file final.tsv (TSV, C-alpha atoms)
chain	number	residue	atom	x	y	z
A	1	MET	CA	39.37	-57.54	-53.84
A	2	THR	CA	37.65	-58.54	-50.62
A	3	GLY	CA	37.43	-61.96	-48.99
A	4	THR	CA	36.15	-63.48	-45.77
A	5	VAL	CA	37.89	-66.20	-43.78
A	6	HIS	CA	36.31	-68.09	-40.87
A	7	LEU	CA	38.55	-69.44	-38.11
A	8	SER	CA	37.68	-71.29	-34.94
A	9	ARG	CA	39.04	-69.96	-31.65
A	10	GLN	CA	41.50	-72.83	-31.57
A	11	GLU	CA	42.75	-72.12	-35.10
A	12	LEU	CA	43.17	-68.42	-34.34
A	13	TYR	CA	44.95	-69.21	-31.08
A	14	ASP	CA	47.35	-71.61	-32.82
A	15	GLN	CA	48.21	-69.04	-35.53
A	16	VAL	CA	48.67	-66.14	-33.12
A	17	TRP	CA	51.37	-68.06	-31.25
A	18	VAL	CA	53.20	-69.20	-34.41
A	19	GLU	CA	54.09	-65.79	-35.89
A	20	PRO	CA	53.90	-62.12	-34.84
A	21	MET	CA	50.54	-60.36	-35.06
A	22	THR	CA	51.81	-57.91	-37.69
A	23	LYS	CA	52.76	-60.70	-40.08
A	24	LEU	CA	49.61	-62.72	-39.43
A	25	ALA	CA	47.40	-59.67	-39.92
A	26	ALA	CA	49.19	-58.82	-43.18
A	27	ARG	CA	48.47	-62.31	-44.51
A	28	TYR	CA	44.77	-61.73	-43.90
A	29	GLY	CA	44.83	-58.22	-45.34
A	30	ILE	CA	43.85	-56.44	-42.12
A	31	SER	CA	45.68	-54.35	-39.53
A	32	ASP	CA	47.27	-55.84	-36.45
A	33	VAL	CA	44.96	-53.61	-34.40
A	34	GLY	CA	41.94	-55.17	-36.11
A	35	LEU	CA	43.27	-58.66	-35.49
A	36	ALA	CA	43.88	-57.83	-31.83
A	37	LYS	CA	40.24	-56.73	-31.49
A	38	ILE	CA	39.09	-60.06	-32.89
A	39	CYS	CA	41.29	-61.90	-30.38
A	40	ARG	CA	39.88	-59.88	-27.49
A	41	ARG	CA	36.31	-60.49	-28.63
A	42	LEU	CA	36.90	-64.25	-28.75
A	43	GLY	CA	39.00	-64.39	-25.59
A	44	VAL	CA	42.13	-65.56	-27.42
A	45	PRO	CA	45.35	-64.71	-25.50
A	46	ARG	CA	48.13	-63.03	-27.49
A	47	PRO	CA	51.92	-62.85	-27.01
A	48	GLY	CA	52.99	-59.88	-24.93
A	49	ARG	CA	55.50	-57.21	-25.83
A	50	GLY	CA	58.99	-58.62	-26.28
A	51	TYR	CA	57.79	-62.21	-26.60
A	52	TRP	CA	59.21	-62.84	-30.06
A	53	GLU	CA	62.53	-61.16	-29.27
A	54	LYS	CA	62.92	-63.27	-26.15
A	55	LYS	CA	62.07	-66.40	-28.11
A	56	ARG	CA	64.57	-65.47	-30.81
A	57	ARG	CA	67.30	-65.08	-28.18
A	58	GLY	CA	66.47	-68.50	-26.73
A	59	ARG	CA	65.14	-67.12	-23.48
A	60	ARG	CA	62.33	-68.78	-21.60
A	61	VAL	CA	58.84	-67.67	-22.63
A	62	THR	CA	55.40	-68.76	-21.48
A	63	GLN	CA	52.29	-69.44	-23.53
A	64	PRO	CA	48.99	-69.33	-21.64
A	65	PRO	CA	46.41	-71.99	-22.59
A	66	LEU	CA	43.28	-71.15	-24.55
A	67	PRO	CA	40.58	-70.56	-21.92
A	68	LYS	CA	37.18	-72.19	-22.17
A	69	MET	CA	34.25	-69.97	-23.12
A	70	LYS	CA	30.60	-70.01	-22.16
A	71	ASP	CA	28.15	-71.59	-24.58
A	72	ASP	CA	26.57	-68.25	-25.52
A	73	VAL	CA	29.90	-66.57	-26.41
A	74	GLU	CA	31.07	-66.16	-30.01
A	75	THR	CA	33.51	-68.95	-30.95
A	76	VAL	CA	34.25	-68.28	-34.65
A	77	ALA	CA	36.41	-65.45	-35.99
A	78	GLU	CA	35.20	-63.85	-39.21
A	79	ILE	CA	38.07	-61.98	-40.87
A	80	THR	CA	37.21	-59.81	-43.87
A	81	SER	CA	40.15	-58.56	-45.93
A	82	TRP	CA	39.95	-55.21	-47.69
A	83	ARG	CA	43.34	-55.57	-49.34
A	84	ARG	CA	43.20	-54.69	-53.01
A	85	ALA	CA	44.55	-57.13	-55.55
A	86	PRO	CA	47.38	-55.72	-57.65
A	87	VAL	CA	46.63	-54.65	-61.19
A	88	ALA	CA	48.21	-57.87	-62.46
A	89	GLU	CA	45.31	-59.71	-60.79
A	90	GLN	CA	42.60	-57.41	-62.09
A	91	ASN	CA	42.66	-58.95	-65.61
A	92	ASP	CA	42.86	-55.48	-67.11
A	93	ASP	CA	44.50	-56.20	-70.48
A	94	ALA	CA	44.93	-52.53	-71.41
A	95	ALA	CA	46.68	-51.76	-68.13
A	96	GLN	CA	48.86	-54.86	-68.42
A	97	LYS	CA	50.07	-53.80	-71.84
A	98	LEU	CA	50.88	-50.28	-70.63
A	99	ILE	CA	52.78	-51.62	-67.63
A	100	ALA	CA	54.70	-54.08	-69.81
A	101	TYR	CA	55.68	-51.16	-72.03
A	102	GLU	CA	57.07	-49.20	-69.06
A	103	LEU	CA	59.13	-52.19	-67.94
A	104	GLU	CA	60.94	-52.48	-71.26
A	105	PRO	CA	64.52	-51.06	-70.98
A	106	ASP	CA	64.20	-49.47	-74.45
A	107	ASN	CA	61.27	-47.36	-73.20
A	108	ARG	CA	63.10	-45.86	-70.26
A	109	ILE	CA	62.45	-42.13	-69.85
A	110	GLN	CA	65.66	-40.11	-69.93
A	111	VAL	CA	66.17	-36.79	-68.14
A	112	HIS	CA	68.93	-34.95	-70.00
A	113	ASP	CA	71.07	-32.15	-68.67
A	114	ASN	CA	70.39	-30.33	-71.91
A	115	ALA	CA	66.90	-31.22	-73.03
A	116	GLY	CA	66.92	-28.85	-75.99
A	117	GLU	CA	63.68	-27.02	-76.69
A	118	LEU	CA	61.35	-27.20	-73.72
A	119	HIS	CA	57.77	-28.31	-74.00
A	120	PRO	CA	55.52	-25.19	-74.16
A	121	LEU	CA	53.92	-25.99	-70.77
A	122	VAL	CA	57.34	-26.39	-69.20
A	123	ALA	CA	58.71	-23.24	-70.84
A	124	THR	CA	55.77	-21.22	-69.47
A	125	THR	CA	56.33	-22.73	-66.03
A	126	GLU	CA	60.05	-21.92	-66.10
A	127	ARG	CA	59.44	-18.24	-66.93
A	128	SER	CA	56.93	-17.93	-64.11
A	129	LEU	CA	59.23	-19.67	-61.63
A	130	ARG	CA	62.09	-17.27	-62.40
A	131	ALA	CA	59.83	-14.33	-61.59
A	132	ALA	CA	58.27	-15.88	-58.47
A	133	LYS	CA	59.27	-15.04	-54.91
A	134	ALA	CA	59.92	-17.68	-52.28
A	135	ASN	CA	57.29	-18.22	-49.60
A	136	GLU	CA	57.90	-18.62	-45.86
A	137	LYS	CA	59.11	-22.18	-46.45
A	138	GLY	CA	61.65	-21.13	-49.06
A	139	LEU	CA	59.70	-22.58	-51.98
A	140	VAL	CA	58.60	-20.93	-55.21
A	141	ALA	CA	55.55	-21.80	-57.27
A	142	PRO	CA	54.49	-20.44	-60.67
A	143	ARG	CA	51.86	-17.72	-60.55
A	144	ALA	CA	51.04	-17.32	-64.25
A	145	ARG	CA	48.17	-19.16	-65.89
A	146	GLY	CA	48.82	-22.37	-67.78
A	147	CYS	CA	51.74	-23.52	-65.61
A	148	LEU	CA	52.53	-26.92	-64.17
A	149	ASP	CA	51.86	-27.63	-60.51
A	150	VAL	CA	55.30	-27.43	-58.92
A	151	ALA	CA	56.60	-26.08	-55.61
A	152	ILE	CA	60.38	-26.12	-55.34
A	153	SER	CA	63.27	-24.01	-54.08
A	154	GLU	CA	65.22	-21.77	-56.43
A	155	GLY	CA	68.19	-24.12	-56.10
A	156	ALA	CA	66.11	-27.04	-57.43
A	157	ARG	CA	64.45	-25.06	-60.23
A	158	ASP	CA	66.63	-26.18	-63.15
A	159	ARG	CA	66.46	-29.79	-62.07
A	160	ALA	CA	62.69	-29.64	-61.66
A	161	ILE	CA	62.32	-28.12	-65.14
A	162	ARG	CA	64.32	-30.96	-66.71
A	163	ILE	CA	62.25	-33.55	-64.87
A	164	MET	CA	58.93	-32.00	-65.84
A	165	ASP	CA	60.02	-31.61	-69.46
A	166	ALA	CA	60.86	-35.32	-69.68
A	167	LEU	CA	57.66	-36.15	-67.83
A	168	VAL	CA	55.29	-34.14	-70.05
A	169	LYS	CA	56.96	-35.27	-73.27
A	170	GLY	CA	56.82	-38.87	-72.07
A	171	MET	CA	53.11	-38.56	-71.32
A	172	GLU	CA	52.31	-37.08	-74.70
A	173	SER	CA	54.35	-39.75	-76.48
A	174	ARG	CA	52.08	-42.31	-74.76
A	175	GLN	CA	48.98	-40.44	-75.95
A	176	TRP	CA	48.12	-39.34	-72.42
A	177	ASN	CA	46.39	-35.99	-72.49
A	178	VAL	CA	47.96	-33.35	-70.24
A	179	ALA	CA	45.90	-30.34	-69.20
A	180	ILE	CA	46.32	-27.44	-66.80
A	181	VAL	CA	43.37	-26.12	-64.78
A	182	ASP	CA	43.89	-22.74	-63.14
A	183	GLU	CA	40.56	-22.28	-61.35
A	184	PRO	CA	39.70	-22.49	-58.53
A	185	SER	CA	43.29	-23.57	-57.87
A	186	ARG	CA	46.08	-24.78	-60.12
A	187	SER	CA	46.17	-28.47	-60.95
A	188	MET	CA	47.99	-30.55	-63.53
A	189	LYS	CA	45.75	-33.27	-64.91
A	190	VAL	CA	46.76	-36.27	-66.99
A	191	THR	CA	44.32	-38.73	-68.55
A	192	VAL	CA	45.35	-42.39	-68.29
A	193	LEU	CA	43.03	-45.19	-69.45
A	194	GLY	CA	40.20	-42.68	-69.53
A	195	GLU	CA	40.72	-41.63	-65.91
A	196	ILE	CA	41.82	-38.10	-64.95
A	197	LEU	CA	44.58	-37.94	-62.36
A	198	GLU	CA	46.18	-34.90	-60.73
A	199	ILE	CA	49.94	-34.79	-60.24
A	200	ARG	CA	52.41	-32.44	-58.57
A	201	LEU	CA	56.16	-32.04	-58.25
A	202	GLU	CA	57.23	-30.64	-54.90
A	203	GLU	CA	60.25	-30.32	-52.69
A	204	SER	CA	60.13	-31.36	-49.07
A	205	VAL	CA	61.25	-28.94	-46.38
A	206	SER	CA	62.85	-29.48	-43.03
A	207	ARG	CA	61.51	-27.73	-39.95
A	208	LYS	CA	63.11	-26.76	-36.69
A	209	ASP	CA	62.10	-24.64	-33.76
A	210	HIS	CA	62.76	-20.99	-34.28
A	211	VAL	CA	65.49	-19.55	-32.05
A	212	LEU	CA	64.86	-15.90	-31.21
A	213	THR	CA	67.52	-13.41	-32.17
A	214	PRO	CA	68.65	-10.81	-29.60
A	215	ALA	CA	66.44	-8.23	-31.31
A	216	GLU	CA	63.43	-10.59	-31.19
A	217	GLN	CA	64.05	-11.37	-27.54
A	218	LYS	CA	64.00	-7.67	-26.79
A	219	ARG	CA	60.80	-7.25	-28.79
A	220	LYS	CA	59.19	-10.20	-27.04
A	221	ALA	CA	59.90	-8.66	-23.64
A	222	SER	CA	57.92	-5.56	-24.60
A	223	ASP	CA	55.18	-7.13	-26.76
A	224	ASN	CA	54.13	-10.64	-25.76
A	225	LEU	CA	51.01	-10.63	-27.94
A	226	TYR	CA	53.02	-9.84	-31.07
A	227	PHE	CA	55.37	-12.75	-30.55
A	228	TYR	CA	52.54	-15.09	-29.62
A	229	GLN	CA	51.25	-14.67	-33.16
A	230	ARG	CA	54.64	-15.01	-34.85
A	231	GLN	CA	55.85	-18.09	-36.72
A	232	LYS	CA	57.32	-20.61	-34.29
A	233	TYR	CA	59.40	-22.64	-36.75
A	234	ASP	CA	62.14	-22.10	-39.30
A	235	PHE	CA	61.89	-23.96	-42.61
A	236	SER	CA	64.57	-24.82	-45.11
A	237	PRO	CA	64.29	-26.66	-48.45
A	238	SER	CA	65.74	-30.18	-48.29
A	239	GLY	CA	66.64	-30.53	-51.96
A	240	LYS	CA	64.60	-33.78	-52.10
A	241	LEU	CA	61.93	-33.81	-54.80
A	242	SER	CA	58.76	-35.87	-54.92
A	243	LEU	CA	56.30	-36.69	-57.67
A	244	LYS	CA	52.82	-37.18	-56.26
A	245	ILE	CA	49.38	-38.24	-57.39
A	246	ILE	CA	47.12	-35.92	-55.42
A	247	ASN	CA	43.41	-35.62	-54.58
A	248	LEU	CA	42.96	-39.36	-55.06
A	249	HIS	CA	41.55	-41.44	-52.22
A	250	VAL	CA	42.08	-45.11	-53.04
A	251	TYR	CA	43.37	-47.96	-50.94
A	252	GLY	CA	46.46	-50.03	-51.73
A	253	VAL	CA	47.90	-47.80	-54.48
A	254	ARG	CA	51.19	-45.97	-54.29
A	255	LEU	CA	50.78	-42.21	-54.65
A	256	SER	CA	54.26	-40.75	-54.07
A	257	TRP	CA	57.77	-41.19	-55.55
A	258	SER	CA	60.62	-39.36	-53.83
A	259	ASP	CA	64.37	-39.00	-53.97
A	260	GLY	CA	66.00	-41.77	-52.03
A	261	SER	CA	69.41	-42.18	-50.48
A	262	THR	CA	70.76	-43.94	-53.58
A	263	GLN	CA	68.31	-43.16	-56.37
A	264	ARG	CA	66.68	-39.94	-57.48
A	265	ILE	CA	63.31	-39.57	-59.18
A	266	GLU	CA	64.96	-38.89	-62.56
A	267	ARG	CA	65.53	-42.64	-62.75
A	268	ARG	CA	62.08	-43.51	-61.44
A	269	LEU	CA	59.84	-41.83	-63.99
A	270	ASN	CA	58.81	-45.12	-65.57
A	271	SER	CA	57.92	-46.37	-62.10
A	272	PHE	CA	55.85	-43.23	-61.65
A	273	PHE	CA	54.08	-43.97	-64.94
A	274	VAL	CA	53.32	-47.50	-63.72
A	275	GLY	CA	51.90	-45.87	-60.60
A	276	LEU	CA	49.68	-43.66	-62.76
A	277	ILE	CA	48.41	-46.74	-64.59
A	278	ASN	CA	47.70	-48.54	-61.31
A	279	ALA	CA	45.98	-45.46	-59.89
A	280	ALA	CA	43.83	-45.11	-63.03
A	281	VAL	CA	42.76	-48.75	-62.82
A	282	GLN	CA	42.01	-48.50	-59.12
A	283	LYS	CA	40.12	-45.23	-59.57
A	284	ARG	CA	37.95	-46.90	-62.20
A	285	LEU	CA	37.43	-49.97	-60.01
A	286	ASP	CA	36.49	-47.77	-57.05
A	287	ARG	CA	34.06	-45.78	-59.17
A	288	GLU	CA	32.50	-48.95	-60.57
A	289	GLU	CA	32.22	-50.31	-57.03
A	290	ARG	CA	30.53	-47.12	-55.85
A	291	GLU	CA	28.18	-47.25	-58.83
A	292	ARG	CA	27.43	-50.90	-58.09
A	293	GLN	CA	26.72	-50.09	-54.46
A	294	LYS	CA	24.54	-47.17	-55.54
A	295	ARG	CA	22.57	-49.42	-57.89
A	296	GLU	CA	22.14	-51.99	-55.14
A	297	TRP	CA	21.09	-49.26	-52.71
A	298	GLU	CA	18.59	-47.85	-55.20
A	299	ALA	CA	17.27	-51.34	-55.98
A	300	GLU	CA	16.90	-52.01	-52.25
A	301	GLN	CA	15.12	-48.69	-51.78
A	302	ASN	CA	12.75	-49.51	-54.67
A	303	ARG	CA	12.16	-52.97	-53.21
A	304	ARG	CA	11.43	-51.50	-49.79
A	305	ARG	CA	9.15	-48.88	-51.35
A	306	GLU	CA	7.25	-51.54	-53.29
A	307	MET	CA	6.99	-53.69	-50.19
A	308	ALA	CA	5.71	-50.70	-48.21
A	309	GLU	CA	3.06	-50.07	-50.88
A	310	LEU	CA	2.04	-53.75	-50.90
A	311	ILE	CA	1.86	-53.75	-47.10
A	312	GLU	CA	-0.25	-50.60	-47.15
A	313	GLU	CA	-2.57	-52.11	-49.77
A	314	GLU	CA	-2.87	-55.30	-47.75
A	315	GLU	CA	-3.63	-53.33	-44.59
A	316	GLU	CA	-6.34	-51.40	-46.45
A	317	ARG	CA	-7.85	-54.65	-47.73
A	318	LEU	CA	-7.78	-56.11	-44.25
A	319	LYS	CA	-9.27	-52.96	-42.80
A	320	LYS	CA	-12.08	-53.07	-45.39
A	321	LEU	CA	-12.65	-56.74	-44.65
A	322	GLU	CA	-12.95	-56.10	-40.95
A	323	THR	CA	-15.21	-53.09	-41.55
A	324	ASP	CA	-17.44	-55.04	-43.96
A	325	ALA	CA	-17.57	-58.01	-41.60
A	326	GLU	CA	-18.56	-55.76	-38.70
A	327	ALA	CA	-21.16	-54.01	-40.88
A	328	TRP	CA	-22.54	-57.35	-42.08
A	329	GLN	CA	-22.71	-58.64	-38.52
A	330	LYS	CA	-24.50	-55.48	-37.48
A	331	SER	CA	-26.95	-55.76	-40.39
A	332	GLN	CA	-27.71	-59.35	-39.41
A	333	GLY	CA	-28.35	-58.26	-35.86
A	334	ILE	CA	-30.78	-55.60	-37.10
A	335	ARG	CA	-32.60	-58.17	-39.27
A	336	VAL	CA	-32.89	-60.51	-36.29
A	337	TYR	CA	-34.30	-57.63	-34.26
A	338	ILE	CA	-36.77	-56.72	-37.05
A	339	GLU	CA	-38.00	-60.28	-37.16
A	340	ALA	CA	-38.36	-60.30	-33.38
A	341	VAL	CA	-40.45	-57.11	-33.56
A	342	ARG	CA	-42.64	-58.69	-36.24
A	343	ARG	CA	-43.19	-61.87	-34.20
A	344	ASN	CA	-43.93	-59.82	-31.09
A	345	ALA	CA	-46.55	-57.79	-32.99
A	346	ILE	CA	-48.20	-60.97	-34.25
A	347	ALA	CA	-48.15	-62.47	-30.76
A	348	GLU	CA	-49.86	-59.35	-29.38
A	349	ARG	CA	-52.35	-59.53	-32.28
A	350	ARG	CA	-51.44	-56.09	-33.46
A	351	GLU	CA	-52.51	-55.29	-37.00
A	352	ILE	CA	-49.69	-55.09	-39.56
A	353	GLY	CA	-51.25	-53.37	-42.54
A	354	GLU	CA	-49.60	-52.07	-45.68
A	355	ASP	CA	-50.03	-48.46	-44.63
A	356	GLY	CA	-49.72	-49.02	-40.93
A	357	GLU	CA	-47.11	-47.34	-38.79
A	358	LEU	CA	-45.50	-50.66	-37.79
A	359	GLU	CA	-45.24	-51.79	-41.40
A	360	ARG	CA	-43.60	-48.51	-42.38
A	361	TRP	CA	-41.12	-48.91	-39.54
A	362	LEU	CA	-40.35	-52.51	-40.50
A	363	LEU	CA	-39.66	-51.41	-44.10
A	364	TRP	CA	-37.48	-48.54	-42.94
A	365	ALA	CA	-35.53	-50.77	-40.54
A	366	SER	CA	-34.96	-53.36	-43.30
A	367	GLN	CA	-33.59	-50.62	-45.53
A	368	GLN	CA	-31.13	-49.59	-42.80
A	369	ALA	CA	-29.99	-53.18	-42.49
A	370	ASP	CA	-29.48	-53.30	-46.27
A	371	ARG	CA	-27.49	-50.08	-46.15
A	372	LEU	CA	-25.13	-51.66	-43.63
A	373	ASP	CA	-24.92	-55.03	-45.43
A	374	PRO	CA	-21.95	-54.99	-47.90
A	375	LEU	CA	-23.47	-57.98	-49.74
A	376	VAL	CA	-26.62	-56.22	-50.99
A	377	GLU	CA	-27.26	-53.07	-52.96
A	378	SER	CA	-27.71	-50.11	-50.66
A	379	PRO	CA	-31.09	-48.36	-50.99
A	380	PRO	CA	-31.13	-44.54	-51.13
A	381	SER	CA	-31.42	-42.54	-47.91
A	382	ILE	CA	-31.68	-38.93	-46.88
A	383	LEU	CA	-28.39	-39.53	-45.07
A	384	ASP	CA	-26.71	-39.58	-48.51
A	385	GLU	CA	-27.36	-35.84	-48.68
A	386	LYS	CA	-25.67	-35.15	-45.36
A	387	LYS	CA	-22.39	-34.05	-46.96
A	388	ASP	CA	-24.17	-31.31	-48.88
A	389	TYR	CA	-25.57	-29.78	-45.70
A	390	ARG	CA	-22.59	-30.25	-43.45
A	391	PHE	CA	-22.22	-26.54	-42.58
A	392	TRP	CA	-25.87	-25.76	-42.15
call {"tool": "encode", "arguments": {"input": "final.tsv", "output": "structure tokens"}}
result
Amino acid sequence: MTGTVHLSRQELYDQVWVEPMTKLAARYGISDVGLAKICRRLGVPRPGRGYWEKKRRGRRVTQPPLPKMKDDVETVAEITSWRRAPVAEQNDDAAQKLIAYELEPDNRIQVHDNAGELHPLVATTERSLRAAKANEKGLVAPRARGCLDVAISEGARDRAIRIMDALVKGMESRQWNVAIVDEPSRSMKVTVLGEILEIRLEESVSRKDHVLTPAEQKRKASDNLYFYQRQKYDFSPSGKLSLKIINLHVYGVRLSWSDGSTQRIERRLNSFFVGLINAAVQKRLDREERERQKREWEAEQNRRREMAELIEEEEERLKKLETDAEAWQKSQGIRVYIEAVRRNAIAERREIGEDGELERWLLWASQQADRLDPLVESPPSILDEKKDYRFW
């Protein structure tokens, strides 16, 4: 959910000096960096580094006054929050019911040391993991088709299998479809509230700089290029597992659940399911927002296209009006000239007969004036045939 708040410079100044920028920015749903930019733009001084710690210790601190600004400088802060409202505020009844179900103690997902018969997907994954070789980070991943997306060390294999078995069975008991896609790369997909999400179980690794052995030091002395291309770090599995929602780009939704110092993910599977529900709702909201923006963009493009066509039509009408007005003005000028020629002939007592040369010219000239005049029917002319003899 987005929202815009307008603050005067004085209001922003007062708030900045009441609580730290990080807390104030969080209340407005923006980053402290973004809030600092707004303060700089409006010339609002901010507490320096260590200000709040000094104040907490009772040490003397100084607060500079709010400087005056020129009349043409921006004086109002417009703060737009892009913080998403939690699912509880989205009025999504279906999601609320699913979340309420996960919060019930009776619906807690149990990971047993002896789970009995494994789910077929888990059994296939286990067989492939036992045959897999560890990579350079000490992790193994199934290679066979139809396996779950896991990357763990051999020492964490049995634990990972128990977790995934409880996870898949829990999903199916909630009528969430679970599917494995092998191409172009393996992914485990679960459908929640009609939205497809990808999940993965993986083990984190620790990394440290590689220390050359005596043999490697000797090799390096004789072949610098070889050692330049060698791996520079040593990796070791940490034993800490994480469940992740992957390939999802949404804001304000948790995407990872990991072993903690006091609680392991076996006891957090219901929390992970709540996260899947939240992610599904947010994915739908994001898609609907993109579709809404697309519709608005298309509507705006259609409006602009229609306006462009109307403008073009209006310009053509205006152009025709100007052309017709110029032609009419020119025709009137020719008629005035024709009449002047006639009066001049009469004044000079020249004969104007029906078959006389002057009469024929006056008739011809009148026809040319009519051809120019947009208000009268244009008489035929040999010039109408010009297009047929253009290349002669």
call {"tool": "atom_distance", "arguments": {"input": "final.tsv", "atom1": "atom CA of A:Pro120", "atom2": "atom CA of A:Ile277"}}
result
24.6 Å
call {"tool": "residues_around", "arguments": {"input": "final.tsv", "residues": "stretch 154-160 of chain A", "least_positions_apart": "5", "cutoff": "12 Å", "atoms": "all atoms listed in the file", "output": "short mmCIF file (atom, residue, chain, number, x, y, z; two decimals) with C-alpha atoms, in the coordinates of the input"}}
result
data_model
loop_
_atom_site.label_atom_id
_atom_site.label_comp_id
_atom_site.auth_asym_id
_atom_site.auth_seq_id
_atom_site.Cartn_x
_atom_site.Cartn_y
_atom_site.Cartn_z
CA VAL A 111 66.17 -36.79 -68.14
CA HIS A 112 68.93 -34.95 -70.00
CA ASP A 113 71.07 -32.15 -68.67
CA ASN A 114 70.39 -30.33 -71.91
CA ALA A 115 66.90 -31.22 -73.03
CA LEU A 118 61.35 -27.20 -73.72
CA VAL A 122 57.34 -26.39 -69.20
CA ALA A 123 58.71 -23.24 -70.84
CA THR A 125 56.33 -22.73 -66.03
CA GLU A 126 60.05 -21.92 -66.10
CA ARG A 127 59.44 -18.24 -66.93
CA SER A 128 56.93 -17.93 -64.11
CA LEU A 129 59.23 -19.67 -61.63
CA ARG A 130 62.09 -17.27 -62.40
CA ALA A 131 59.83 -14.33 -61.59
CA ALA A 132 58.27 -15.88 -58.47
CA LYS A 133 59.27 -15.04 -54.91
CA ALA A 134 59.92 -17.68 -52.28
CA ASN A 135 57.29 -18.22 -49.60
CA LYS A 137 59.11 -22.18 -46.45
CA GLY A 138 61.65 -21.13 -49.06
CA LEU A 139 59.70 -22.58 -51.98
CA VAL A 140 58.60 -20.93 -55.21
CA ALA A 141 55.55 -21.80 -57.27
CA PRO A 142 54.49 -20.44 -60.67
CA LEU A 148 52.53 -26.92 -64.17
CA ASP A 149 51.86 -27.63 -60.51
CA ASP A 165 60.02 -31.61 -69.46
CA ALA A 166 60.86 -35.32 -69.68
CA LEU A 167 57.66 -36.15 -67.83
CA ARG A 200 52.41 -32.44 -58.57
CA LEU A 201 56.16 -32.04 -58.25
CA GLU A 202 57.23 -30.64 -54.90
CA GLU A 203 60.25 -30.32 -52.69
CA SER A 204 60.13 -31.36 -49.07
CA SER A 236 64.57 -24.82 -45.11
CA PRO A 237 64.29 -26.66 -48.45
CA SER A 238 65.74 -30.18 -48.29
CA GLY A 239 66.64 -30.53 -51.96
CA LYS A 240 64.60 -33.78 -52.10
CA LEU A 241 61.93 -33.81 -54.80
CA SER A 242 58.76 -35.87 -54.92
CA LEU A 243 56.30 -36.69 -57.67
CA ARG A 264 66.68 -39.94 -57.48
CA ILE A 265 63.31 -39.57 -59.18
CA GLU A 266 64.96 -38.89 -62.56
#
call {"tool": "residues_around", "arguments": {"input": "final.tsv", "residues": "stretch 52-63 of chain A", "least_positions_apart": "3", "cutoff": "8 Å", "atoms": "only C-alpha atoms", "output": "JSON, numbers by chain"}}
result
{"A": [17, 20, 47, 49]}
call {"tool": "atom_distance", "arguments": {"input": "final.tsv", "atom1": "atom CA of A:Arg254", "atom2": "atom CA of A:Ala280"}}
result
11.5 Å
call {"tool": "atom_distance", "arguments": {"input": "final.tsv", "atom1": "atom CA of A:Arg9", "atom2": "atom CA of A:Met21"}}
result
15.4 Å
call {"tool": "closest_residue", "arguments": {"input": "final.tsv", "among": "A:Arg349, A:Arg371, A:Lys330, A:His249", "to": "A:Asp286", "atoms": "all atoms listed in the file"}}
result
A:His249
